[in-house]
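Visitor: Handing over my_file-v9.csv, CSV, C-alpha atoms.
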chain,number,residue,atom,x,y,z
Z,1,MET,CA,9.1,27.4,0.6
Z,2,THR,CA,6.6,25.2,2.5
Z,3,ARG,CA,5.7,21.9,0.8
Z,4,ALA,CA,4.9,18.5,2.1
Z,5,PHE,CA,5.7,15.0,0.7
Z,6,LEU,CA,3.9,12.0,2.3
Z,7,VAL,CA,5.5,8.8,1.1
Z,8,VAL,CA,4.0,5.4,1.9
Z,9,MET,CA,6.3,2.4,1.7
Z,10,ASP,CA,3.5,-0.1,1.2
Z,11,SER,CA,3.5,-2.9,3.8
Z,12,VAL,CA,6.8,-2.0,5.6
Z,13,GLY,CA,5.6,-2.6,9.1
Z,14,CYS,CA,7.7,-2.8,12.2
Z,15,GLY,CA,5.7,-5.2,14.5
Z,16,GLY,CA,4.2,-4.6,17.9
Z,17,ALA,CA,0.5,-4.0,17.1
Z,18,PRO,CA,-1.3,-4.5,20.4
Z,19,ASP,CA,-4.3,-6.0,18.6
Z,20,ALA,CA,-2.4,-8.3,16.3
Z,21,ASP,CA,-4.0,-11.3,18.0
Z,22,ARG,CA,-7.3,-10.3,16.3
Z,23,PHE,CA,-5.9,-10.7,12.8
Z,24,PHE,CA,-4.9,-14.0,11.1
Z,25,ASN,CA,-3.0,-15.6,8.4
Z,26,ASP,CA,-4.1,-19.2,7.6
Z,27,GLY,CA,-5.7,-19.4,11.0
Z,28,VAL,CA,-2.6,-18.2,12.8
Z,29,PRO,CA,-2.8,-14.9,14.7
Z,30,ASP,CA,-0.4,-12.1,13.6
Z,31,THR,CA,1.0,-11.8,17.1
Z,32,GLY,CA,4.8,-11.5,16.6
Z,33,ALA,CA,4.8,-10.5,12.9
Z,34,ASN,CA,7.4,-7.9,12.2
Z,35,THR,CA,8.1,-7.2,8.5
Z,36,LEU,CA,11.2,-4.9,8.9
Z,37,VAL,CA,12.9,-6.7,11.7
Z,38,HIS,CA,12.4,-10.2,10.4
Z,39,ILE,CA,13.8,-9.2,7.0
Z,40,ALA,CA,16.8,-7.7,8.7
Z,41,GLN,CA,17.3,-10.8,10.8
Z,42,ALA,CA,17.1,-13.0,7.7
Z,43,CYS,CA,19.7,-10.9,5.9
Z,44,ALA,CA,22.0,-10.9,8.9
Z,45,GLU,CA,21.7,-14.7,9.1
Z,46,GLY,CA,22.4,-15.3,5.4
Z,47,ARG,CA,18.9,-16.3,4.6
Z,48,ALA,CA,18.2,-13.6,2.0
Z,49,GLU,CA,21.0,-14.1,-0.5
Z,50,GLU,CA,19.1,-14.1,-3.9
Z,51,GLY,CA,20.2,-11.1,-5.9
Z,52,ARG,CA,21.8,-9.4,-2.9
Z,53,SER,CA,24.1,-10.4,0.1
Z,54,GLY,CA,24.9,-9.7,3.7
Z,55,PRO,CA,23.2,-7.5,6.3
Z,56,LEU,CA,20.3,-5.3,5.3
Z,57,ARG,CA,21.7,-1.9,4.1
Z,58,MET,CA,19.4,1.1,4.4
Z,59,PRO,CA,21.8,3.9,5.5
Z,60,ASN,CA,19.6,6.8,4.4
Z,61,LEU,CA,16.4,5.8,6.2
Z,62,ASP,CA,18.4,4.5,9.1
Z,63,ALA,CA,20.0,8.0,9.4
Z,64,LEU,CA,16.5,9.4,9.7
Z,65,GLY,CA,15.8,6.9,12.5
Z,66,LEU,CA,14.4,3.7,10.9
Z,67,GLY,CA,16.3,1.4,13.3
Z,68,GLU,CA,15.0,3.4,16.3
Z,69,ALA,CA,11.5,3.4,14.9
Z,70,ALA,CA,11.6,-0.4,14.6
Z,71,LYS,CA,12.5,-0.6,18.3
Z,72,LEU,CA,9.6,1.7,19.2
Z,73,GLY,CA,7.2,-0.2,17.1
Z,74,GLY,CA,7.9,-3.8,18.0
Z,75,GLY,CA,10.5,-3.7,20.8
Z,76,GLU,CA,13.1,-5.5,18.8
Z,77,ALA,CA,16.3,-4.2,17.1
Z,78,ALA,CA,16.7,-4.7,13.4
Z,79,PRO,CA,20.2,-6.0,12.7
Z,80,GLY,CA,22.2,-3.6,10.6
Z,81,LEU,CA,20.0,-0.6,11.4
Z,82,SER,CA,21.8,1.1,14.3
Z,83,ALA,CA,22.6,4.7,13.2
Z,84,VAL,CA,22.2,7.7,15.5
Z,85,PRO,CA,19.1,9.4,14.1
Z,86,GLN,CA,19.4,12.7,12.4
Z,87,GLY,CA,15.7,13.1,11.8
Z,88,ARG,CA,12.5,12.6,13.7
Z,89,PHE,CA,11.2,9.1,14.2
Z,90,GLY,CA,8.4,7.2,15.7
Z,91,ALA,CA,6.0,4.3,15.2
Z,92,ALA,CA,2.3,4.6,14.4
Z,93,GLN,CA,-0.7,2.4,15.4
Z,94,GLU,CA,-3.8,1.9,13.3
Z,95,VAL,CA,-7.3,1.7,14.9
Z,96,SER,CA,-9.4,0.8,11.7
Z,97,PRO,CA,-10.7,-2.8,11.8
Z,98,GLY,CA,-8.7,-3.9,8.8
Z,99,LYS,CA,-5.1,-4.4,7.7
Z,100,ASP,CA,-5.8,-3.5,4.1
Z,101,THR,CA,-4.6,-0.8,1.7
Z,102,PRO,CA,-7.7,1.5,1.9
Z,103,SER,CA,-7.9,1.3,5.7
Z,104,GLY,CA,-4.3,2.2,6.2
Z,105,HIS,CA,-4.2,5.0,3.7
Z,106,TRP,CA,-7.5,6.6,4.7
Z,107,GLU,CA,-6.4,6.6,8.3
Z,108,LEU,CA,-3.0,8.0,7.5
Z,109,ALA,CA,-5.0,10.7,5.7
Z,110,GLY,CA,-7.1,11.4,8.8
Z,111,VAL,CA,-10.2,9.2,8.4
Z,112,PRO,CA,-10.3,5.9,10.3
Z,113,VAL,CA,-12.7,3.4,8.7
Z,114,PRO,CA,-16.1,3.5,10.5
Z,115,TRP,CA,-17.4,0.1,9.2
Z,116,ASP,CA,-16.4,-3.5,9.0
Z,117,TRP,CA,-15.4,-4.6,5.5
Z,118,HIS,CA,-17.1,-7.4,3.7
Z,119,TYR,CA,-14.8,-10.5,3.1
Z,120,PHE,CA,-15.8,-13.3,0.8
Z,121,PRO,CA,-15.8,-16.8,2.5
Z,122,LYS,CA,-13.0,-19.2,1.7
Z,123,GLU,CA,-15.2,-21.7,0.0
Z,124,GLU,CA,-15.3,-23.5,-3.3
Z,125,LYS,CA,-17.8,-20.9,-4.6
Z,126,ALA,CA,-16.9,-17.7,-2.8
Z,127,PHE,CA,-19.2,-15.3,-4.5
Z,128,PRO,CA,-23.0,-15.0,-4.1
Z,129,GLU,CA,-25.1,-15.9,-7.1
Z,130,PRO,CA,-26.5,-12.4,-7.8
Z,131,LEU,CA,-22.9,-11.1,-8.1
Z,132,VAL,CA,-22.0,-13.9,-10.5
Z,133,ARG,CA,-25.1,-13.2,-12.6
Z,134,ALA,CA,-24.2,-9.5,-12.7
Z,135,VAL,CA,-20.7,-10.2,-14.0
Z,136,CYS,CA,-22.1,-12.5,-16.7
Z,137,GLU,CA,-24.7,-10.0,-17.8
Z,138,MET,CA,-22.3,-7.1,-17.9
Z,139,ALA,CA,-19.6,-9.0,-19.7
Z,140,ASP,CA,-22.1,-10.8,-22.0
Z,141,VAL,CA,-20.7,-14.2,-21.1
Z,142,GLN,CA,-22.2,-17.5,-20.0
Z,143,ALA,CA,-20.1,-18.1,-16.9
Z,144,ILE,CA,-17.1,-17.0,-14.9
Z,145,LEU,CA,-13.9,-18.9,-14.0
Z,146,GLY,CA,-12.4,-19.0,-10.6
Z,147,ASN,CA,-15.0,-18.0,-8.1
Z,148,CYS,CA,-12.6,-18.6,-5.3
Z,149,HIS,CA,-9.7,-17.4,-3.1
Z,150,ALA,CA,-6.5,-17.5,-5.1
Z,151,SER,CA,-3.0,-16.2,-5.7
Z,152,GLY,CA,-3.0,-13.9,-8.8
Z,153,THR,CA,-0.1,-15.7,-10.4
Z,154,GLU,CA,-1.3,-19.2,-9.6
Z,155,ILE,CA,-4.8,-18.7,-11.0
Z,156,LEU,CA,-3.4,-17.5,-14.3
Z,157,GLU,CA,-1.3,-20.6,-14.6
Z,158,ARG,CA,-4.4,-22.7,-13.8
Z,159,LEU,CA,-7.1,-20.9,-15.8
Z,160,GLY,CA,-5.4,-18.7,-18.3
Z,161,GLU,CA,-5.7,-21.1,-21.2
Z,162,ARG,CA,-9.3,-21.9,-20.5
Z,163,HIS,CA,-10.1,-18.2,-20.2
Z,164,MET,CA,-8.6,-17.6,-23.7
Z,165,LYS,CA,-10.7,-20.5,-25.2
Z,166,THR,CA,-14.0,-19.5,-23.5
Z,167,GLY,CA,-13.7,-15.7,-23.1
Z,168,TRP,CA,-15.0,-16.1,-19.6
Z,169,PRO,CA,-13.4,-13.7,-17.1
Z,170,ILE,CA,-11.4,-15.1,-14.2
Z,171,CYS,CA,-12.9,-13.8,-10.9
Z,172,TYR,CA,-11.2,-14.3,-7.6
Z,173,THR,CA,-10.6,-12.8,-4.2
Z,174,SER,CA,-8.1,-12.9,-1.3
Z,175,ALA,CA,-8.0,-12.3,2.4
Z,176,ASP,CA,-8.5,-8.6,1.7
Z,177,SER,CA,-11.9,-7.1,1.0
Z,178,VAL,CA,-11.5,-7.3,-2.8
Z,179,PHE,CA,-13.2,-8.6,-6.0
Z,180,GLN,CA,-10.6,-9.2,-8.7
Z,181,ILE,CA,-11.1,-9.9,-12.4
Z,182,ALA,CA,-8.3,-11.1,-14.6
Z,183,ALA,CA,-8.6,-11.1,-18.4
Z,184,HIS,CA,-6.3,-11.2,-21.3
Z,185,GLU,CA,-5.5,-7.8,-22.8
Z,186,GLU,CA,-5.8,-9.0,-26.4
Z,187,SER,CA,-8.3,-11.9,-26.5
Z,188,PHE,CA,-10.7,-10.3,-24.0
Z,189,GLY,CA,-9.7,-6.7,-24.3
Z,190,GLU,CA,-8.1,-4.4,-21.7
Z,191,GLN,CA,-10.6,-1.6,-22.2
Z,192,ARG,CA,-13.5,-4.1,-22.0
Z,193,LEU,CA,-12.1,-5.4,-18.7
Z,194,GLN,CA,-11.8,-1.8,-17.2
Z,195,GLU,CA,-15.3,-1.0,-18.2
Z,196,LEU,CA,-16.6,-4.2,-16.6
Z,197,CYS,CA,-14.8,-3.5,-13.3
Z,198,GLN,CA,-16.1,0.1,-13.3
Z,199,ARG,CA,-19.7,-1.0,-13.9
Z,200,LEU,CA,-19.5,-3.6,-11.2
Z,201,ALA,CA,-17.9,-1.4,-8.6
Z,202,PRO,CA,-21.1,0.3,-7.2
Z,203,MET,CA,-22.6,-3.1,-6.5
Z,204,LEU,CA,-19.5,-4.3,-4.6
Z,205,HIS,CA,-19.1,-1.0,-2.8
Z,206,GLU,CA,-22.8,-1.3,-1.6
Z,207,MET,CA,-21.7,-4.6,-0.1
Z,208,LYS,CA,-18.8,-2.8,1.7
Z,209,VAL,CA,-16.2,-4.6,-0.5
Z,210,GLY,CA,-13.3,-2.2,-0.5
Z,211,ARG,CA,-12.0,-2.6,-4.1
Z,212,VAL,CA,-12.8,-4.0,-7.5
Z,213,ILE,CA,-9.5,-4.7,-9.1
Z,214,SER,CA,-8.8,-5.2,-12.8
Z,215,ARG,CA,-6.0,-7.7,-13.5
Z,216,PRO,CA,-5.1,-7.6,-17.2
Z,217,PHE,CA,-2.5,-10.0,-18.4
Z,218,VAL,CA,-0.7,-11.1,-21.6
Z,219,GLY,CA,0.9,-14.2,-22.9
Z,220,SER,CA,0.0,-17.7,-24.1
Z,221,PRO,CA,-0.4,-21.2,-22.7
Z,222,GLU,CA,2.9,-22.1,-24.4
Z,223,GLU,CA,5.0,-19.1,-23.1
Z,224,GLY,CA,3.1,-18.5,-19.9
Z,225,PHE,CA,1.0,-15.6,-18.7
Z,226,THR,CA,2.2,-12.3,-17.2
Z,227,ARG,CA,0.2,-9.6,-15.5
Z,228,THR,CA,0.7,-6.1,-16.9
Z,229,SER,CA,1.0,-2.7,-15.3
Z,230,ASN,CA,-2.5,-1.8,-16.5
Z,231,ARG,CA,-4.1,-2.9,-13.2
Z,232,HIS,CA,-6.7,-0.4,-11.9
Z,233,ASP,CA,-8.4,-0.3,-8.5
Z,234,TYR,CA,-12.0,0.8,-8.4
Z,235,ALA,CA,-12.1,1.7,-4.7
Z,236,ILE,CA,-15.0,2.7,-2.5
Z,237,ALA,CA,-14.8,6.4,-1.7
Z,238,PRO,CA,-13.7,7.5,1.7
Z,239,PRO,CA,-16.6,8.2,4.1
Z,240,GLU,CA,-15.4,11.7,4.9
Z,241,PRO,CA,-13.0,14.4,3.5
Z,242,THR,CA,-9.4,13.3,3.9
Z,243,LEU,CA,-6.1,15.2,4.1
Z,244,CYS,CA,-6.2,15.5,0.3
Z,245,ASP,CA,-9.5,17.4,0.6
Z,246,TRP,CA,-8.3,19.5,3.5
Z,247,VAL,CA,-5.3,20.7,1.5
Z,248,GLN,CA,-7.5,21.5,-1.5
Z,249,MET,CA,-9.9,23.4,0.8
Z,250,ALA,CA,-7.0,25.5,1.9
Z,251,GLY,CA,-6.5,26.5,-1.8
Z,252,LYS,CA,-3.5,24.3,-2.4
Z,253,ARG,CA,-2.7,21.6,-4.9
Z,254,VAL,CA,-2.4,17.8,-4.3
Z,255,GLN,CA,-0.3,15.6,-6.5
Z,256,ALA,CA,-0.7,11.8,-6.3
Z,257,VAL,CA,2.1,9.4,-7.2
Z,258,GLY,CA,1.2,5.7,-7.7
Z,259,LYS,CA,-2.0,4.1,-6.4
Z,260,ILE,CA,-3.1,7.1,-4.4
Z,261,GLY,CA,-5.6,8.3,-7.1
Z,262,ASP,CA,-7.3,4.8,-7.0
Z,263,ILE,CA,-7.3,4.5,-3.2
Z,264,PHE,CA,-9.0,7.9,-2.7
Z,265,SER,CA,-11.3,7.6,-5.8
Z,266,MET,CA,-9.6,10.8,-7.1
Z,267,GLU,CA,-11.3,12.8,-4.3
Z,268,GLY,CA,-9.1,15.7,-3.3
Z,269,ILE,CA,-6.5,15.1,-6.0
Z,270,ASP,CA,-5.4,17.5,-8.8
Z,271,GLU,CA,-2.9,15.4,-10.7
Z,272,VAL,CA,-1.9,11.7,-10.8
Z,273,ARG,CA,1.2,10.0,-12.1
Z,274,THR,CA,1.4,6.2,-12.1
Z,275,GLY,CA,3.7,3.3,-13.2
Z,276,PRO,CA,6.0,0.7,-11.6
Z,277,ASP,CA,8.0,1.8,-8.6
Z,278,ALA,CA,11.1,2.8,-10.6
Z,279,VAL,CA,9.0,5.2,-12.7
Z,280,LEU,CA,7.2,6.4,-9.5
Z,281,MET,CA,10.6,7.4,-8.0
Z,282,ALA,CA,11.2,9.5,-11.1
Z,283,HIS,CA,7.8,11.1,-10.7
Z,284,LEU,CA,8.5,11.9,-7.0
Z,285,ASP,CA,11.8,13.5,-8.1
Z,286,HIS,CA,9.9,15.6,-10.6
Z,287,TYR,CA,7.6,16.9,-7.9
Z,288,VAL,CA,10.6,17.7,-5.6
Z,289,SER,CA,11.8,19.9,-8.4
Z,290,LYS,CA,8.5,21.3,-9.7
Z,291,ALA,CA,5.7,21.0,-7.0
Z,292,PRO,CA,4.2,24.4,-6.2
Z,293,GLU,CA,4.5,26.3,-2.9
Z,294,GLY,CA,2.1,24.9,-0.3
Z,295,SER,CA,1.3,21.7,-2.1
Z,296,LEU,CA,1.1,18.1,-0.9
Z,297,THR,CA,2.6,15.3,-2.9
Z,298,PHE,CA,1.2,12.0,-1.7
Z,299,ALA,CA,3.1,8.8,-3.0
Z,300,ASN,CA,2.7,5.1,-2.6
Z,301,PHE,CA,5.4,2.6,-3.5
Z,302,VAL,CA,3.5,-0.7,-3.8
Z,303,GLU,CA,6.0,-3.3,-5.0
Z,304,PHE,CA,7.3,-4.2,-1.5
Z,305,ASP,CA,3.8,-5.6,-1.0
Z,306,SER,CA,2.6,-6.7,-4.4
Z,307,LEU,CA,5.8,-8.4,-5.6
Z,308,TYR,CA,7.5,-9.7,-2.5
Z,309,GLY,CA,5.3,-9.5,0.7
Z,310,HIS,CA,2.4,-11.6,-0.5
Z,311,ARG,CA,4.7,-14.0,-2.3
Z,312,ARG,CA,6.7,-14.4,1.0
Z,313,ASP,CA,9.9,-13.6,-0.9
Z,314,VAL,CA,12.4,-12.4,1.7
Z,315,SER,CA,15.3,-11.8,-0.6
Z,316,GLY,CA,13.1,-9.8,-3.1
Z,317,TYR,CA,11.7,-7.7,-0.3
Z,318,ALA,CA,15.2,-7.0,1.0
Z,319,ARG,CA,16.4,-6.0,-2.5
Z,320,ALA,CA,13.4,-3.7,-2.8
Z,321,LEU,CA,14.1,-2.0,0.5
Z,322,GLU,CA,17.8,-1.5,-0.4
Z,323,TRP,CA,16.9,-0.1,-3.8
Z,324,PHE,CA,14.3,2.3,-2.3
Z,325,ASP,CA,16.8,3.5,0.4
Z,326,ALA,CA,19.4,4.3,-2.3
Z,327,GLU,CA,16.9,6.2,-4.4
Z,328,ILE,CA,15.1,8.0,-1.6
Z,329,GLY,CA,18.5,9.2,-0.4
Z,330,LYS,CA,18.9,11.1,-3.7
Z,331,ILE,CA,15.5,12.6,-3.3
Z,332,LEU,CA,16.1,13.6,0.3
Z,333,ALA,CA,19.3,15.4,-0.8
Z,334,ARG,CA,17.2,17.4,-3.3
Z,335,LEU,CA,14.5,18.7,-0.9
Z,336,LYS,CA,14.4,22.4,-0.6
Z,337,PRO,CA,14.6,24.5,2.7
Z,338,GLY,CA,11.1,24.4,4.2
Z,339,ASP,CA,10.1,21.1,2.7
Z,340,LEU,CA,8.7,18.4,4.9
Z,341,MET,CA,8.9,14.7,4.0
Z,342,VAL,CA,7.1,12.0,6.0
Z,343,LEU,CA,7.9,8.4,5.2
Z,344,THR,CA,5.6,5.7,6.7
Z,345,ALA,CA,3.6,2.6,5.8
Z,346,ASP,CA,0.0,1.5,5.7
Z,347,HIS,CA,0.2,-2.0,7.2
Z,348,GLY,CA,2.7,-5.0,7.4
Z,349,ASN,CA,3.3,-7.9,5.1
Z,350,ASP,CA,5.9,-10.0,6.8
Z,351,PRO,CA,7.5,-12.3,4.1
Z,352,THR,CA,8.6,-14.7,6.8
Z,353,TRP,CA,5.1,-15.1,8.2
Z,354,HIS,CA,2.4,-17.7,7.8
Z,355,GLY,CA,0.0,-17.5,4.8
Z,356,THR,CA,0.1,-14.8,2.1
Z,357,ASP,CA,-1.9,-12.0,3.7
Z,358,HIS,CA,-1.0,-8.7,5.1
Z,359,THR,CA,0.1,-8.7,8.8
Z,360,ARG,CA,-1.3,-6.4,11.5
Z,361,GLU,CA,1.7,-4.2,12.7
Z,362,ARG,CA,2.7,-0.8,13.8
Z,363,VAL,CA,4.5,1.2,11.1
Z,364,PRO,CA,7.6,3.4,11.2
Z,365,VAL,CA,7.2,7.2,10.9
Z,366,LEU,CA,10.3,9.1,9.7
Z,367,VAL,CA,10.3,12.9,9.2
Z,368,HIS,CA,12.9,14.9,7.3
Z,369,GLY,CA,12.7,18.7,7.7
Z,370,ALA,CA,11.5,19.0,11.3
Z,371,GLY,CA,14.6,18.5,13.5
Z,372,GLN,CA,15.7,15.5,15.4
Z,373,GLY,CA,14.4,13.2,18.1
Z,374,SER,CA,11.8,10.6,19.0
Z,375,LEU,CA,8.1,11.1,18.4
Z,376,GLY,CA,7.3,8.0,20.4
Z,377,ASN,CA,4.3,5.9,19.5
Z,378,VAL,CA,1.7,8.0,17.6
Z,379,ALA,CA,-1.6,7.3,15.8
Z,380,PHE,CA,-2.0,6.9,12.0
Z,381,ALA,CA,-4.3,9.9,12.0
Z,382,ASP,CA,-1.6,12.0,13.6
Z,383,VAL,CA,0.2,11.8,10.2
Z,384,ALA,CA,-2.6,13.7,8.5
Z,385,ALA,CA,-2.9,16.3,11.3
Z,386,THR,CA,0.8,16.9,11.1
Z,387,VAL,CA,0.9,17.4,7.4
Z,388,ALA,CA,-2.2,19.6,7.4
Z,389,ALA,CA,-0.7,21.8,10.2
Z,390,TYR,CA,2.6,22.1,8.3
Z,391,LEU,CA,0.7,23.3,5.2
Z,392,GLY,CA,-1.6,25.7,7.1
Z,393,ALA,CA,-4.6,23.6,6.3
Z,394,THR,CA,-7.4,22.8,8.8
Z,395,SER,CA,-7.4,19.2,10.1
Z,396,TYR,CA,-10.9,17.8,10.5
Z,397,GLY,CA,-9.9,14.3,11.7
Z,398,PRO,CA,-9.2,12.8,15.2
Z,399,GLY,CA,-5.4,13.1,14.9
Z,400,ARG,CA,-3.0,15.7,16.5
Z,401,SER,CA,0.2,17.0,15.0
Z,402,PHE,CA,3.2,15.2,16.5
Z,403,LEU,CA,5.4,18.1,15.7
Z,404,GLY,CA,3.5,20.4,18.1
Z,405,SER,CA,3.1,24.0,16.7
Z,406,VAL,CA,4.5,23.9,13.2
Kindly present the structure from the file in structure tokens form.
Guide:
Amino acid sequence: MTRAFLVVMDSVGCGGAPDADRFFNDGVPDTGANTLVHIAQACAEGRAEEGRSGPLRMPNLDALGLGEAAKLGGGEAAPGLSAVPQGRFGAAQEVSPGKDTPSGHWELAGVPVPWDWHYFPKEEKAFPEPLVRAVCEMADVQAILGNCHASGTEILERLGERHMKTGWPICYTSADSVFQIAAHEESFGEQRLQELCQRLAPMLHEMKVGRVISRPFVGSPEEGFTRTSNRHDYAIAPPEPTLCDWVQMAGKRVQAVGKIGDIFSMEGIDEVRTGPDAVLMAHLDHYVSKAPEGSLTFANFVEFDSLYGHRRDVSGYARALEWFDAEIGKILARLKPGDLMVLTADHGNDPTWHGTDHTRERVPVLVHGAGQGSLGNVAFADVAATVAAYLGATSYGPGRSFLGSV
């Protein structure tokens, strides 16, 4: 049995990126950001006590080498993560000129981003007039709401009621290369929103905007508004074949869990299962039981990032890490002889840091099923080369297998 499972813990960085001074949050460089270590420090110091208590507890990933990976990445120890590693561990550095989701995932899949993304200016009217006109024409509305940088929850509180009265979509962006449209699932229509985003996507992709994101929500002005799980990312396609394509070209199947289908525009993917993280863990467990010989299961767990990192919620992030560790421990115990599981991240999102944006960091790399010991500092693209080699697929990217001859 030879199968591979590549699991991305979205935004669980471990500091130390040598180019962090080139990336910013509210004008402050990311130098010194360290998602994992700063959360562990907050827990140890009693500053993350909402819904949990005490030092950060991640015994299963720590046993693989998480604590040692953190030391490799950022040079600092994470309080509470001090186990003697029983797996392979390292830290990976990104070279793509962005700290966003597509850049990180594409490079982990062997394709560094060859261009600079387009970012909308942080001005009162963030979007160019031709884009605004296109939205209005495609949605058959007189105007849009928002047209600014904003938090997704804040903008619903501010504009949700007006949106329901006018029918005008709420358009906003962030520090990422994204164009987001929020609309009420009932009064505007969830399917109408998805069709609008899908039609707009080619125009935004031509501008090198990475993703058009639908943000459906429900609720009322009296009860408040809540975003639903029907979000969809209409992402620009990778510029070259990725690990997913390489595995398919070798005649093997690729299963995607979570946002992977969106991030890779369904290229190189045979089957997708989505949902909130708790549901995704059940899907991952299903593939551990049922995935065919030689296949790749590629999973993304996003809630560390979407629910806690951007909102700078240290306690919430710590709770999510501890939940994930407990659940992935059960998964690890169910892997079959010959299975390889690589756990890593796509960027950082330090909840103790300035601003609300991702943070430029190295990320941990943990490997189950390939012995013990340090991998040292590796490249993001080495993850793809390693998985491809393990599955007997040809690697076409710049990375090299960090397991040697596998």
Visitor: Using all atoms listed in the file, which residues sit within 7 Å of Gly54 (chain Z) once same-chain residues fewer than 2 positions away are excluded, as a ChimeraX atom specification?
Guide: /Z:43-44,46,56
Visitor: Could you build a table of the residues in region 11-34 of chain Z lying no more than 12 Å from region 376-395 of chain Z, giving for each the nearest pair of atoms and their separation in Å rounded to one decimal place, using all atoms listed in the file, ordered by chain and ascending residue number, as CSV?
Guide:
residue,atom,partner,partner_atom,distance
Z:Cys14,CA,Z:Asn377,CA,11.9
Z:Gly16,CA,Z:Asn377,CA,10.6
Z:Ala17,CA,Z:Asn377,CA,10.9
Z:Pro18,CA,Z:Asn377,CA,11.8
Visitor: Within 12 Å of (-4.5, -19.6, 8.4) (coordinates as in the file), grab all the protein and nucleic acid residues, counting all atoms listed in the file, and write them out as a ChimeraX atom specification.
Guide: /Z:23-30,122,175,353-359
Visitor: Using CA of His283 (chain Z) and CA of Glu322 (chain Z) as the two end points, give the distance in Å to one decimal.
Guide: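 Going from CA of His283 (chain Z) over to CA of Glu322 (chain Z), I get 19.1 Å.
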Visitor: Please produce, as JSON lines, a per-residue contact table for region 49-148 of chain Z versus region 153-172 of chain Z (criterion: any atom at most 10 Å away, only C-alpha atoms considered), showing the nearest atom pair and its distance in Å to one decimal, sorted by chain then residue number.
Guide:
{"residue": "Z:Phe120", "atom": "CA", "partner": "Z:Tyr172", "partner_atom": "CA", "distance": 9.6}
{"residue": "Z:Lys125", "atom": "CA", "partner": "Z:Tyr172", "partner_atom": "CA", "distance": 9.8}
{"residue": "Z:Ala126", "atom": "CA", "partner": "Z:Tyr172", "partner_atom": "CA", "distance": 8.2}
{"residue": "Z:Phe127", "atom": "CA", "partner": "Z:Tyr172", "partner_atom": "CA", "distance": 8.6}
{"residue": "Z:Val132", "atom": "CA", "partner": "Z:Cys171", "partner_atom": "CA", "distance": 9.1}
{"residue": "Z:Val135", "atom": "CA", "partner": "Z:Pro169", "partner_atom": "CA", "distance": 8.7}
{"residue": "Z:Cys136", "atom": "CA", "partner": "Z:Trp168", "partner_atom": "CA", "distance": 8.5}
{"residue": "Z:Ala139", "atom": "CA", "partner": "Z:Pro169", "partner_atom": "CA", "distance": 8.2}
{"residue": "Z:Asp140", "atom": "CA", "partner": "Z:Trp168", "partner_atom": "CA", "distance": 9.2}
{"residue": "Z:Val141", "atom": "CA", "partner": "Z:Trp168", "partner_atom": "CA", "distance": 6.2}
{"residue": "Z:Gln142", "atom": "CA", "partner": "Z:Trp168", "partner_atom": "CA", "distance": 7.3}
{"residue": "Z:Ala143", "atom": "CA", "partner": "Z:Trp168", "partner_atom": "CA", "distance": 6.1}
{"residue": "Z:Ile144", "atom": "CA", "partner": "Z:Trp168", "partner_atom": "CA", "distance": 5.2}
{"residue": "Z:Leu145", "atom": "CA", "partner": "Z:Ile170", "partner_atom": "CA", "distance": 4.6}
{"residue": "Z:Gly146", "atom": "CA", "partner": "Z:Cys171", "partner_atom": "CA", "distance": 5.2}
{"residue": "Z:Asn147", "atom": "CA", "partner": "Z:Tyr172", "partner_atom": "CA", "distance": 5.3}
{"residue": "Z:Cys148", "atom": "CA", "partner": "Z:Tyr172", "partner_atom": "CA", "distance": 5.1}
Visitor: Any idea what the distance is between CA of Lys252 (chain Z) and CA of Ser295 (chain Z)?
Guide: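 Result for CA of Lys252 (chain Z) versus CA of Ser295 (chain Z): 5.5 Å, one decimal.
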Visitor: Which is closest to Pro292 (chain Z) among Z:Ala4, Z:Met341, Z:Ala237, Z:Ala42, if we use only C-alpha atoms?
Guide: Z:Ala4
Visitor: Excluding Asp339 (chain Z) and residues on its chain fewer than 4 positions from it, collect all residues at most 8 Å away from it, counting all atoms listed in the file, and give them as a list of chain:residue names.
Guide: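 Answer for this query is Z:Met1, Z:Thr2, Z:Arg3, Z:Ala4, Z:Phe5, Z:Leu335, Z:Gly369.
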Visitor: Output C-alpha atoms for every residue in the selection just made, as a PDB file, in the coordinates of the input.
Guide:
ATOM      1  CA  MET Z   1       9.100  27.400   0.600  1.00  0.00           C
ATOM      2  CA  THR Z   2       6.600  25.200   2.500  1.00  0.00           C
ATOM      3  CA  ARG Z   3       5.700  21.900   0.800  1.00  0.00           C
ATOM      4  CA  ALA Z   4       4.900  18.500   2.100  1.00  0.00           C
ATOM      5  CA  PHE Z   5       5.700  15.000   0.700  1.00  0.00           C
ATOM      6  CA  LEU Z 335      14.500  18.700  -0.900  1.00  0.00           C
ATOM      7  CA  GLY Z 369      12.700  18.700   7.700  1.00  0.00           C
TER       8      GLY Z 369
END
Visitor: To one decimal place, how far is CA of His105 (chain Z) from CA of Gln255 (chain Z) in Å?
Guide: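 Pair CA of His105 (chain Z) / CA of Gln255 (chain Z) returns 15.2 Å.
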Visitor: Identify, on the basis of all atoms listed in the file, every residue whose closest approach to Arg231 (chain Z) does not exceed 12 Å; exclude the query and any residue fewer than 6 positions from it along the same chain; express the result as a list of chain:residue names.
Guide: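 Those residues are Z:Gly152, Z:Gln180, Z:Ile181, Z:Ala182, Z:Ala183, Z:His184, Z:Glu185, Z:Glu190, Z:Gln191, Z:Leu193, Z:Gln194, Z:Cys197, Z:Val212, Z:Ile213, Z:Ser214, Z:Arg215, Z:Pro216, Z:Phe217, Z:Gly258, Z:Lys259, Z:Asp262, Z:Thr274, Z:Gly275, Z:Pro276, Z:Ser306.
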